[in-house]
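*Asks:* Mind looking over this structure? Questions follow.
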Amino acid sequence: MIPASFKYHKPGSVAEAADLLSKHGSNAKILAGGHSLIPMMKLRLAQPEVVIDLGAIDTLSYIENRDGGQAIGGMTTYAEIASSGMVPQALSEAAGQVADVQVRNRGTIGGSLAHNDPAADLPAVVVALDGQIITSSTNEHRSVLATNFFQDLFTTDLAESEIISEIFIPGQAQGSGSAYLKFANKASHFAIVGVAASVTMSEGQCVAASIGIAGAGPTAYRAKLVEESLVGTNLDDNAVEAASEKADNGIDMNDDIHASGDYRAHLVKVFTARAIRLAADRAD
Ligand SMILES: Cc1cc2nc3c(=O)[nH]c(=O)nc-3n(C[C@H](O)[C@H](O)[C@H](O)COP(=O)(O)OP(=O)(O)OC[C@H]3O[C@@H](n4cnc5c(N)ncnc54)[C@H](O)[C@@H]3O)c2cc1C
């Protein structure tokens with residue numbers, strides 16, 4: 001339980017952190033809240049020679065209204081997101097359900113998205129809200145759609161030289177509501193299944209829907225068939241139930257000591273229906 005030895009850097013700016021990353025390449029790891037990296041280092045699943053701690057870069061912690069949406073700094077903690085009152089309800093609700101107080105006070109949105117644990121909550125929400133992930137390296141900034149960012153189990157589009165500096169959540173249309181519900185592991189609170197739903201209603205009809213799912217597959221995914229089935233309906237019980245039946249479509253369900261694949265396939269349908277109903281109740 002003692003990590004291998006490493007050199008520790010605490011840069012004061014994103015530029016300085018990016019320089020260190022480019023200098024040390026695959027030998028370096030970014031440290032954010034440390035709630036995933038430190039356990040991995042203690043178990044020696046990760047043995048970086050250099051650790052670059054972003055903790056002193058105050059300019060990476062913020063939530064601000066911008067271009068009709070919200071820009072969130074990569075080092076913003078779950079607790080800050082949950083209590084901000086500025087972000088769509090699905091995001092604050094998901095952040096408020098992560099783990100426990102200690103993890104929520106240290107863990108960051110950038111760390112969660114970079115790590116891409118299949119059971120993490122925030123990737124599914126950022127996918128459902130059409131978020132963009134903004135990365136910084138020594139010579140460029142890049143913006144990646146969340147739907148393209150999460151690629152596979154613990155695998156993202158993030159390059160070795162890049163830092164997640166910001167997450168942008170576009171503004172939600174008039175008549176929208178969102179929700180995040182999860183069936184949590186009782187010990188860790190990681191999602192066995194979690195569902196983020198966002199719906200937009202106009203004159204009693206659903207005109208847009210997006211559903212992001214956590215915990216069920218190797219990475220967060222959009223349930224496209226569910227979304228297509230909802231649009232044009234009035235989201236009555238029949239429409240919601242029929243659409244939610246498609247929530248596991250095309251996904252190889254995770255099957256592990258926490259839940260079988262069949263159980264997850266069942267849960268994902270139940271929680272999709274519940275999240276859609278809650279989002280619809282909130283649509284205004
Ligand atoms: C007991 C426990 C319970 C938990 N329960 C939940 C839960 O219910 N739901 C949930 O979603 N998560 C849960 N987690 C995981 C927790 O949310 C972690 O905080 C999160 O996965 C990683 O965020 P972090 O800021 O701690 O990142 P770190 O652990 O510091 O880093 C994680 C990885 O991301 C990289 N990284 C970090 N920040 C950046 C950045 N800005 N740019 C580029 N790379 C970066 C690091 O190099 C590392 O590889 C739990 C963790 C613990 C210990």
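Scheme for the structure tokens: letters A, B, ... for chains in order shown; per-chain residue numbers from 1; ligand numbers from 1 in order shown.
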Excluding segment 110-118 of chain A and its own-chain neighbours fewer than 3 positions away, which residues fall within 10 Å of it when counting only C-alpha atoms? Please give them as an MDAnalysis selection string.
*Replies:* chainID A and resid 30:37 60 72:78 107 121:124 126 133:135 146 149:158 163:167 190:193 213:220 254
*Asks:* I need the residues from that last selection saved to file as a PDB file, in the first residue's frame (with C-alpha atoms), if you can.
*Replies:*
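Saved result, again_33.pdb, follows:
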ATOM      1  CA  ILE A  30      -1.666  14.798 -13.390  1.00  0.00           C
ATOM      2  CA  LEU A  31      -2.938  14.846  -9.795  1.00  0.00           C
ATOM      3  CA  ALA A  32      -6.335  16.493  -9.225  1.00  0.00           C
ATOM      4  CA  GLY A  33      -8.463  15.329  -6.258  1.00  0.00           C
ATOM      5  CA  GLY A  34      -6.369  12.172  -5.988  1.00  0.00           C
ATOM      6  CA  HIS A  35      -9.322   9.918  -5.166  1.00  0.00           C
ATOM      7  CA  SER A  36      -8.609   7.621  -8.093  1.00  0.00           C
ATOM      8  CA  LEU A  37      -4.918   8.257  -8.789  1.00  0.00           C
ATOM      9  CA  LEU A  60      -8.952  26.036 -12.885  1.00  0.00           C
ATOM     10  CA  ILE A  72     -16.746  24.833 -15.498  1.00  0.00           C
ATOM     11  CA  GLY A  73     -13.030  24.750 -14.660  1.00  0.00           C
ATOM     12  CA  GLY A  74     -11.389  21.326 -14.713  1.00  0.00           C
ATOM     13  CA  MET A  75     -10.455  21.478 -11.003  1.00  0.00           C
ATOM     14  CA  THR A  76     -13.973  22.376  -9.838  1.00  0.00           C
ATOM     15  CA  THR A  77     -15.056  19.899  -7.175  1.00  0.00           C
ATOM     16  CA  TYR A  78     -18.246  17.863  -7.038  1.00  0.00           C
ATOM     17  CA  GLY A 107     -12.818  14.966  -6.366  1.00  0.00           C
ATOM     18  CA  ASP A 121     -21.571   9.509 -12.705  1.00  0.00           C
ATOM     19  CA  LEU A 122     -20.432  12.678 -14.458  1.00  0.00           C
ATOM     20  CA  PRO A 123     -19.449  11.286 -17.892  1.00  0.00           C
ATOM     21  CA  ALA A 124     -23.066  10.185 -18.507  1.00  0.00           C
ATOM     22  CA  VAL A 126     -21.919  15.542 -19.677  1.00  0.00           C
ATOM     23  CA  ILE A 133     -14.395  19.069 -23.050  1.00  0.00           C
ATOM     24  CA  ILE A 134     -11.729  21.712 -23.497  1.00  0.00           C
ATOM     25  CA  THR A 135      -8.135  20.572 -23.251  1.00  0.00           C
ATOM     26  CA  ALA A 146     -18.346  14.590 -24.926  1.00  0.00           C
ATOM     27  CA  PHE A 149     -14.453  11.985 -25.862  1.00  0.00           C
ATOM     28  CA  PHE A 150     -15.424   8.800 -23.991  1.00  0.00           C
ATOM     29  CA  GLN A 151     -14.157   5.890 -26.060  1.00  0.00           C
ATOM     30  CA  ASP A 152     -13.988   2.742 -23.951  1.00  0.00           C
ATOM     31  CA  LEU A 153     -13.271   1.409 -20.467  1.00  0.00           C
ATOM     32  CA  PHE A 154     -10.954   3.986 -18.793  1.00  0.00           C
ATOM     33  CA  THR A 155     -10.155   5.256 -22.298  1.00  0.00           C
ATOM     34  CA  THR A 156     -10.749   8.749 -23.653  1.00  0.00           C
ATOM     35  CA  ASP A 157      -9.673  10.989 -26.494  1.00  0.00           C
ATOM     36  CA  LEU A 158      -7.302  12.865 -24.121  1.00  0.00           C
ATOM     37  CA  ILE A 163      -4.922  18.748 -19.425  1.00  0.00           C
ATOM     38  CA  ILE A 164      -8.701  19.053 -19.124  1.00  0.00           C
ATOM     39  CA  SER A 165      -8.939  22.757 -18.414  1.00  0.00           C
ATOM     40  CA  GLU A 166     -12.669  23.351 -18.881  1.00  0.00           C
ATOM     41  CA  ILE A 167     -16.022  21.701 -19.477  1.00  0.00           C
ATOM     42  CA  PHE A 190     -20.434   4.218  -7.682  1.00  0.00           C
ATOM     43  CA  ALA A 191     -23.224   3.724 -10.247  1.00  0.00           C
ATOM     44  CA  ILE A 192     -24.305   0.157 -10.876  1.00  0.00           C
ATOM     45  CA  VAL A 193     -26.554   1.991 -13.300  1.00  0.00           C
ATOM     46  CA  ILE A 213     -26.156   6.150 -19.265  1.00  0.00           C
ATOM     47  CA  ALA A 214     -23.479   5.282 -16.680  1.00  0.00           C
ATOM     48  CA  GLY A 215     -22.431   1.984 -15.153  1.00  0.00           C
ATOM     49  CA  ALA A 216     -24.147  -0.296 -17.652  1.00  0.00           C
ATOM     50  CA  GLY A 217     -21.539  -0.539 -20.413  1.00  0.00           C
ATOM     51  CA  PRO A 218     -17.768  -0.116 -20.743  1.00  0.00           C
ATOM     52  CA  THR A 219     -18.177   3.659 -21.001  1.00  0.00           C
ATOM     53  CA  ALA A 220     -20.944   6.249 -20.745  1.00  0.00           C
ATOM     54  CA  ASN A 254     -21.093  -5.006 -17.692  1.00  0.00           C
TER      55      ASN A 254
END
*Asks:* List every residue of segment 39-124 of chain A that DSSP, applied to the backbone, labels as helix (DSSP H, G or I), and write the result as a VMD selection string.
*Replies:* chain A and resid 39 to 42 54 to 56 58 to 60 78 to 83 89 to 97 101 to 106 109 to 115 122 to 124
*Asks:* Please provide as a ChimeraX atom specification all residues within 12 Å of Ala184 of chain A, with the sequence filter that same-chain residues fewer than 2 positions apart are discarded (counting only C-alpha atoms).
*Replies:* /A:94,97-99,119-121,181-182,186-195,214-216,258-259,264,267,271
*Asks:* Could those residues be written to a file, using C-alpha atoms, as an mmCIF file, in the first residue's frame?
*Replies:*
data_model
loop_
_atom_site.group_PDB
_atom_site.id
_atom_site.type_symbol
_atom_site.label_atom_id
_atom_site.label_comp_id
_atom_site.auth_asym_id
_atom_site.auth_seq_id
_atom_site.Cartn_x
_atom_site.Cartn_y
_atom_site.Cartn_z
ATOM 1 C CA ALA A 94 -25.210 13.720 -10.144
ATOM 2 C CA GLN A 97 -24.700 11.790 -5.368
ATOM 3 C CA VAL A 98 -21.003 11.004 -5.900
ATOM 4 C CA ALA A 99 -19.560 8.938 -3.051
ATOM 5 C CA ALA A 119 -19.246 3.431 -13.007
ATOM 6 C CA ALA A 120 -18.573 7.184 -12.701
ATOM 7 C CA ASP A 121 -21.571 9.509 -12.705
ATOM 8 C CA LEU A 181 -30.989 9.009 -11.019
ATOM 9 C CA LYS A 182 -28.803 6.089 -10.070
ATOM 10 C CA LYS A 186 -24.061 0.525 -1.281
ATOM 11 C CA ALA A 187 -20.401 0.708 -0.230
ATOM 12 C CA SER A 188 -18.788 3.133 -2.699
ATOM 13 C CA HIS A 189 -21.892 4.794 -4.195
ATOM 14 C CA PHE A 190 -20.434 4.218 -7.682
ATOM 15 C CA ALA A 191 -23.224 3.724 -10.247
ATOM 16 C CA ILE A 192 -24.305 0.157 -10.876
ATOM 17 C CA VAL A 193 -26.554 1.991 -13.300
ATOM 18 C CA GLY A 194 -27.060 5.755 -13.575
ATOM 19 C CA VAL A 195 -29.254 7.637 -16.036
ATOM 20 C CA ALA A 214 -23.479 5.282 -16.680
ATOM 21 C CA GLY A 215 -22.431 1.984 -15.153
ATOM 22 C CA ALA A 216 -24.147 -0.296 -17.652
ATOM 23 C CA HIS A 258 -21.687 -6.071 -8.262
ATOM 24 C CA ALA A 259 -24.435 -7.019 -10.735
ATOM 25 C CA ARG A 264 -28.083 -4.213 -15.300
ATOM 26 C CA LEU A 267 -32.128 -1.665 -14.123
ATOM 27 C CA PHE A 271 -34.038 4.005 -14.267
#
*Asks:* Would you mind reading off the distance between atom CA of Glu93 of chain A and atom CA of Ile81 of chain A, one decimal, in Å?
*Replies:* 9.0 Å
*Asks:* Under the rule of at most 9 Å, produce a per-residue listing of segment 87-138 of chain A near segment 5-26 of chain A: chain, number, name, the closest pair of atoms, and the distance in Å, as JSON lines, using only C-alpha atoms.
*Replies:*
{"residue": "A:Ser136", "atom": "CA", "partner": "A:Ala18", "partner_atom": "CA", "distance": 7.3}
{"residue": "A:Ser137", "atom": "CA", "partner": "A:Ala18", "partner_atom": "CA", "distance": 5.2}
{"residue": "A:Thr138", "atom": "CA", "partner": "A:Ala18", "partner_atom": "CA", "distance": 5.2}
*Asks:* Store the residues of this selection in a file with all heavy atoms, as a short mmCIF file (atom, residue, chain, number, x, y, z; two decimals), in the first residue's frame.
*Replies:*
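The resulting again.cif:
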data_model
loop_
_atom_site.label_atom_id
_atom_site.label_comp_id
_atom_site.auth_asym_id
_atom_site.auth_seq_id
_atom_site.Cartn_x
_atom_site.Cartn_y
_atom_site.Cartn_z
N SER A 136 -6.04 21.64 -22.74
CA SER A 136 -4.92 22.56 -22.96
C SER A 136 -3.63 21.78 -22.98
O SER A 136 -3.42 20.89 -22.14
CB SER A 136 -4.83 23.58 -21.82
OG SER A 136 -6.01 24.32 -21.74
N SER A 137 -2.76 22.12 -23.93
CA SER A 137 -1.41 21.57 -23.95
C SER A 137 -0.46 22.73 -24.23
O SER A 137 -0.90 23.89 -24.27
CB SER A 137 -1.28 20.46 -24.99
OG SER A 137 -1.60 20.96 -26.25
N THR A 138 0.82 22.45 -24.44
CA THR A 138 1.76 23.58 -24.57
C THR A 138 1.42 24.48 -25.74
O THR A 138 1.58 25.68 -25.67
CB THR A 138 3.21 23.07 -24.77
OG1 THR A 138 3.17 22.01 -25.69
CG2 THR A 138 3.83 22.65 -23.47
#
*Asks:* Can you pull out every residue within 6 Å of segment 39-47 of chain A, counting only C-alpha atoms, but drop anything in the same chain fewer than 3 positions away, and send it as a PyMOL selection string?
*Replies:* chain A and resi 1-3+36
*Asks:* DSSP on the backbone: what in segment 167-213 of chain A comes out strand (DSSP E or B), as a count of residues only?
*Replies:* 33
*Asks:* Just the number, please: distance in Å from atom CA of Lys29 of chain A to atom 21 (O, counted along the ligand's line) of ligand 1, one decimal.
*Replies:*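 Separation of atom CA of Lys29 of chain A and atom 21 (O, counted along the ligand's line) of ligand 1: 14.2 Å.
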*Asks:* I'd like the neighbourhood of Gly96 of chain A as a CSV table (one decimal) with all heavy atoms, in the first residue's frame, where a residue qualifies if any of its atoms comes within 10 Å (using only C-alpha atoms), though same-chain residues fewer than 6 positions away should be ignored.
*Replies:*
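Ended up saving to out-v9.csv:
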chain,number,residue,atom,x,y,z
A,78,TYR,N,-16.8,18.3,-7.0
A,78,TYR,CA,-18.2,17.9,-7.0
A,78,TYR,C,-19.1,18.7,-6.1
A,78,TYR,O,-20.2,19.1,-6.4
A,78,TYR,CB,-18.4,16.4,-6.6
A,78,TYR,CG,-17.6,15.4,-7.4
A,78,TYR,CD1,-16.6,14.6,-6.8
A,78,TYR,CD2,-17.9,15.2,-8.7
A,78,TYR,CE1,-15.9,13.7,-7.5
A,78,TYR,CE2,-17.3,14.2,-9.5
A,78,TYR,CZ,-16.3,13.5,-8.9
A,78,TYR,OH,-15.6,12.5,-9.6
A,79,ALA,N,-18.5,19.0,-4.9
A,79,ALA,CA,-19.3,19.8,-3.9
A,79,ALA,C,-19.6,21.2,-4.5
A,79,ALA,O,-20.7,21.7,-4.3
A,79,ALA,CB,-18.5,19.9,-2.6
A,80,GLU,N,-18.7,21.8,-5.2
A,80,GLU,CA,-18.9,23.1,-5.7
A,80,GLU,C,-20.0,23.1,-6.8
A,80,GLU,O,-20.8,23.9,-6.9
A,80,GLU,CB,-17.6,23.7,-6.3
A,80,GLU,CG,-16.6,24.1,-5.2
A,80,GLU,CD,-15.2,24.3,-5.7
A,80,GLU,OE1,-14.8,23.8,-6.8
A,80,GLU,OE2,-14.4,25.0,-5.0
A,81,ILE,N,-20.0,22.0,-7.6
A,81,ILE,CA,-21.0,21.9,-8.7
A,81,ILE,C,-22.3,21.6,-8.1
A,81,ILE,O,-23.3,22.2,-8.5
A,81,ILE,CB,-20.6,20.7,-9.7
A,81,ILE,CG1,-19.3,21.1,-10.4
A,81,ILE,CG2,-21.7,20.4,-10.6
A,81,ILE,CD1,-18.6,20.0,-11.2
A,82,ALA,N,-22.4,20.7,-7.1
A,82,ALA,CA,-23.7,20.3,-6.5
A,82,ALA,C,-24.3,21.5,-5.8
A,82,ALA,O,-25.6,21.6,-5.8
A,82,ALA,CB,-23.4,19.2,-5.4
A,83,SER,N,-23.6,22.5,-5.3
A,83,SER,CA,-24.2,23.5,-4.5
A,83,SER,C,-24.2,24.9,-5.3
A,83,SER,O,-24.7,25.9,-4.7
A,83,SER,CB,-23.4,23.8,-3.2
A,83,SER,OG,-22.1,24.2,-3.5
A,90,ALA,N,-29.6,18.0,-13.7
A,90,ALA,CA,-29.0,16.6,-13.8
A,90,ALA,C,-27.6,16.6,-13.4
A,90,ALA,O,-27.1,15.7,-12.7
A,90,ALA,CB,-29.1,16.1,-15.3
A,104,ARG,N,-16.5,14.2,-2.4
A,104,ARG,CA,-17.1,15.3,-3.1
A,104,ARG,C,-16.4,16.6,-2.8
A,104,ARG,O,-16.3,17.5,-3.7
A,104,ARG,CB,-18.6,15.5,-2.7
A,104,ARG,CG,-19.5,14.4,-3.2
A,104,ARG,CD,-21.0,14.8,-3.1
A,104,ARG,NE,-21.5,14.9,-1.8
A,104,ARG,CZ,-22.0,13.9,-1.1
A,104,ARG,NH1,-22.0,12.7,-1.5
A,104,ARG,NH2,-22.4,14.2,0.1
*Asks:* Rank nothing, just name the residue among A:Ser176, A:Gln70, A:Arg106, A:Val127 nearest to Lys224 of chain A, using only C-alpha atoms.
*Replies:*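 For Lys224 of chain A, the nearest of the given residues is A:Val127.
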*Asks:* Taking only C-alpha atoms and all ligand atoms into account, name the residue in A:Met86, A:Val226, A:Cys206, A:Ala95 that is nearest to ligand 1.
*Replies:*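 Result for the nearest residue to ligand 1: A:Ala95.
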